[in-house]
Every structure is written in C-alpha cells, then in structure tokens.
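> Dumping the structure here so I can ask a few things about it.
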Amino acid sequence: MTTPTLLQGQVTVGDTLPDLAYPVTATTVVLGALAARDWRPMHHDKDFAVHRNGTRDIFLNTPNLASWFERYITDWTGPFGRLQRVTFRMKGSIFPGDTMVFRGTVTDTGVDDTGCGWAALEITVSVDGDTKTSCTARVALPVTDDDNPWARRGDRWVP
Amino acid sequence: MSAIGVDDIEGLLGVAQYEEVGEFPVEQGYVWTTCSSVENGNPLFWDAEVAEEITGGPIAPPTMVSVWFRPHHWAPNRTTPGLPLQVHFDLKEGLGLPEAVMSDNTIVFHEPVRPGDVLRTSQILRSVSDEKTTKLGTGRFWVIDVEYHNQRGDLVAVESYTGFGYRRAGTEEAS
C-alpha cells in the first residue's frame, strides 16, 4: 500500500522546496514542444527563431514549462499531492545552453472548510539568477496517513 | 469568428463561445512523452497499481489540459483551423487594437483527466476594461476563461487568460 510522503501538518510557512537545476539542450526544447503538440517553428527551427523572432535560439514553450513546474511541485509532495491551481507570469525565455534553476517557498498553508489540506507556493525558474518565469501554486496535501486528496469530488473539492 | 466591438461586449460577458471537441481522445502515449520530456517520475503516471490505488486508475498530468486541444499539424480535408483563444483575436479586431500581450495565465483544476476521455472546451469573455495607457501603448485589458469538460459533463479545468490589446504610442486607431 502506498502511503503519503508529505502531510499538510509537516509543512510550515517559509519552508523551501529542494532546488532543481537542469541543463537545457536543443533536445529539451524540441522534445518539450512536440510533447505539448506545439508545432510553432520558434520551438524547433533555430533559423526561424533567430531571424523571425529575433531571439538568440529556439526556446522552451509555455505549456511544457507548465509541465516542468508540475514535476517540480510533485517531486516535493509525492503522488498524493494534487494541484489545485497555478498562475504563471512569463518574463523571459529559456534557451539551449541555459541551466534553469527552480526554487520554491511555502507562502501559506491550511485546511479548508471541507477538511482538505493545502499549501500555497511561490516558485521561480531562473537562469544565472535572472527570473524567467514565476509561478504561484496551491497544492492539496493529505492531512493524515489515510487521507487522499484525489478521492475528493464535487462539493468536497474546492480548488 | 466575428469581431467584438465595444457595443458587443456587454452581451457577450459570461457567454460560452467557440464550443469545440478535441480532435482525439486523451491518450496514454502523450502522457508518457510529456512526463519523459520533463523527467517526471511521479508513479501516478508510470505505475498502474499506484494509479489504481490513489486515483482509481490512470490519469493525465493536470497541466496537460490544453495539450488535448492543439490541432494536428496537418489533417486531410481540413480548412483553416480556428485560432486558439479566438475571443482574444475577435477583441483585437473589433476594438481596433493591432498588438496584444498575455500578462498571466491561471489554471484551476477540477475532475482528473483520464486516458480515453474526450474533452470539449468553450471560451467565455469575463471582463473588458476601459481604455488604459501603459508603457506599451493605449488599449484595454480583458479576461477570457477557457472551460474544459469531459464527455460526462464534469468540469475538469478552467484556464483564465489576462490579455492587453493595444496600439503603440503614435499609431492611428484602425478603421
């Protein structure tokens, strides 16, 4: 039987998530674009990106970046963590050759009126200390070992 | 596709437009390709027993919700596909605002999406601001929700986009 690795009561405001540093290659960008069904040429054609978009190379697409944020959050929560909401604010692009670094902090935590535990997070992805995208997220967490946020439906799920 | 002018806004607030069904059912292969692309080892997506135990069977990563609506790059007998977020482009055209940026994007997750689901989507205009001037130019902010439902009618996600359509300083309003 699988048991939760992180309970809501174990989380405190100010806690930090483990950093994730990842060296981005052209394969990272192209694989991410195709996985997201994003066929636009600036995500696979360097000539197009440089000469039409005026960027220095192809760059990560936004839907795939959302998948990176999800992976970063659930690496921390384990499989019982259930995303409630995410907000992205794009500031700059991420290119092959960049090492992107995800950092996250717990900004709030609680249990809602239905008994669902949650944590609010502030996450950034940066390159050389320059924030490229910021994200706020709220993720549901079990409150006890036998609680499962994924079992919540209808009025018991208030994301 | 029809331009949304100032006089049309009030009648369209809260109205579902551009209802559309995904071109293909949610599929496990894309789930694995996406998890692979970001090295996501969450056992919910790789271990059938864990998925059965925790989520009652396999699910797709919640943040993939918009993936299921990106059209094939080519399909037989297809005319020009609608633009994603068509309401955004209708506003640009109808309000005479040639440039636009998206400032932020929120996704709220409801019922999990599962392989085999056929999702449908609609776009709902929530608000349009009065004219405002920013460093980009003069224009209006708007909020568009994209709602996603499964084949059983369950709400699976709502995406909210905040856009700013504008004219660069010194340019004439489009006629």
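For the structure tokens, the naming scheme is as follows: chains receive sequential letters (A, B, ...) according to their order of presentation, residues are indexed from 1 within each chain, and ligands are indexed from 1 in presentation order.
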Give me the residues within 8 Å of segment 126-131 of chain B as a list in words, counting only C-alpha atoms and dropping any in the same chain fewer than 5 places off.

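Non-adjacent residues within range: Ile9, Leu13, Gly14, Thr138, Gly139, Arg140, Phe141, Trp142, Val143, Ile144 and Asp145 of chain B.
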
> Using only C-alpha atoms, which residues sit within 8 Å of Thr77 of chain A once same-chain residues fewer than 3 positions away are excluded, as a PyMOL selection string?

chain A and resi 5-6+73-74+80-81+141

> Write out, as a JSON list (two decimals), in the first residue's frame, the residues just selected, with C-alpha atoms.


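Printed below is result.json as written:
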[["chain", "number", "residue", "atom", "x", "y", "z"],
["A", 5, "THR", "CA", 5.31, 11.09, 1.91],
["A", 6, "LEU", "CA", 4.28, 14.62, 2.89],
["A", 73, "ILE", "CA", 5.91, 20.50, -7.17],
["A", 74, "THR", "CA", 5.06, 16.80, -7.17],
["A", 80, "PHE", "CA", -0.73, 12.24, -3.10],
["A", 81, "GLY", "CA", -0.11, 15.93, -3.88],
["A", 141, "LEU", "CA", -1.91, 17.58, 0.65]]

> Please provide as a PyMOL selection string all residues within 9 Å of segment 61-63 of chain A, with the sequence filter that same-chain residues fewer than 2 positions apart are discarded (counting only C-alpha atoms).

(chain A and resi 29+32-33+36+38+42-43+59+65-68+90+93-94) or (chain B and resi 63-64+66-67)

> Those selected residues, please, written with N, CA and C atoms and delivered as a CSV table (one decimal), in the first residue's frame.


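Okay, this is what ended up in out_38.csv:
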chain,number,residue,atom,x,y,z
A,29,VAL,N,14.2,21.4,-25.6
A,29,VAL,CA,13.3,22.3,-26.2
A,29,VAL,C,12.4,21.6,-27.2
A,32,GLY,N,10.1,18.9,-25.6
A,32,GLY,CA,9.0,19.6,-24.9
A,32,GLY,C,8.0,20.2,-25.8
A,33,ALA,N,8.4,20.7,-26.9
A,33,ALA,CA,7.4,21.3,-27.8
A,33,ALA,C,6.5,20.2,-28.5
A,36,ALA,N,4.0,18.8,-26.1
A,36,ALA,CA,2.9,19.7,-25.9
A,36,ALA,C,2.1,20.0,-27.2
A,38,ASP,N,3.0,21.5,-29.7
A,38,ASP,CA,3.2,22.9,-30.1
A,38,ASP,C,4.2,22.9,-31.3
A,42,MET,N,9.4,28.5,-33.8
A,42,MET,CA,10.4,29.0,-32.9
A,42,MET,C,10.8,28.1,-31.8
A,43,HIS,N,10.1,26.9,-31.7
A,43,HIS,CA,10.5,25.9,-30.7
A,43,HIS,C,11.2,24.7,-31.3
A,59,PHE,N,13.5,28.3,-28.1
A,59,PHE,CA,13.3,28.5,-26.6
A,59,PHE,C,12.1,27.6,-26.1
A,65,LEU,N,6.7,24.3,-20.1
A,65,LEU,CA,7.2,24.9,-18.8
A,65,LEU,C,6.2,24.6,-17.7
A,66,ALA,N,4.9,24.6,-18.0
A,66,ALA,CA,3.9,24.2,-17.0
A,66,ALA,C,4.1,22.8,-16.5
A,67,SER,N,4.5,21.9,-17.4
A,67,SER,CA,4.8,20.5,-17.0
A,67,SER,C,6.0,20.5,-16.2
A,68,TRP,N,7.0,21.3,-16.4
A,68,TRP,CA,8.2,21.4,-15.5
A,68,TRP,C,7.8,21.8,-14.1
A,90,MET,N,5.1,35.1,-17.3
A,90,MET,CA,6.3,34.9,-18.1
A,90,MET,C,7.1,36.3,-18.2
A,93,SER,N,12.7,34.2,-21.9
A,93,SER,CA,12.8,32.9,-22.5
A,93,SER,C,14.0,32.1,-22.0
A,94,ILE,N,13.9,30.8,-22.1
A,94,ILE,CA,14.9,29.8,-21.7
A,94,ILE,C,15.4,29.1,-23.0
B,63,THR,N,-1.6,19.6,-15.7
B,63,THR,CA,-1.2,20.7,-16.5
B,63,THR,C,-1.2,20.4,-18.0
B,64,MET,N,-1.5,19.2,-18.4
B,64,MET,CA,-1.5,18.9,-19.8
B,64,MET,C,-2.9,19.3,-20.4
B,66,SER,N,-4.4,21.7,-21.8
B,66,SER,CA,-4.6,22.4,-23.1
B,66,SER,C,-3.9,21.6,-24.2
B,67,VAL,N,-3.1,20.6,-23.9
B,67,VAL,CA,-2.5,19.7,-25.0
B,67,VAL,C,-3.5,19.1,-25.8

> Identify all chain A residues at most 7 Å from chain B by counting only C-alpha atoms; ligands do not count. Present them as a list of chain:residue names.

A:Thr2, A:Thr28, A:Leu31, A:Gly32, A:Ala35, A:Ala36, A:Arg37, A:Trp39, A:Ala66, A:Ser67, A:Trp68, A:Glu70, A:Arg71, A:Pro79, A:Leu83, A:Gln84, A:Arg85, A:Val86, A:Thr87, A:Phe88, A:Arg89, A:Trp150, A:Pro159

> Between B:Arg167, B:Thr133, B:Val6, B:Arg78, which residue has the minimum interatomic distance to Ala100 of chain B, considering only C-alpha atoms?

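Among the listed residues, B:Arg167 lies closest to Ala100 of chain B.
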
> With only C-alpha atoms as the basis for distance, which of B:Pro25, B:Lys135, B:Val146, B:Gly96 is at the shortest distance from Gly165 of chain B?

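Closest candidate: B:Gly96.
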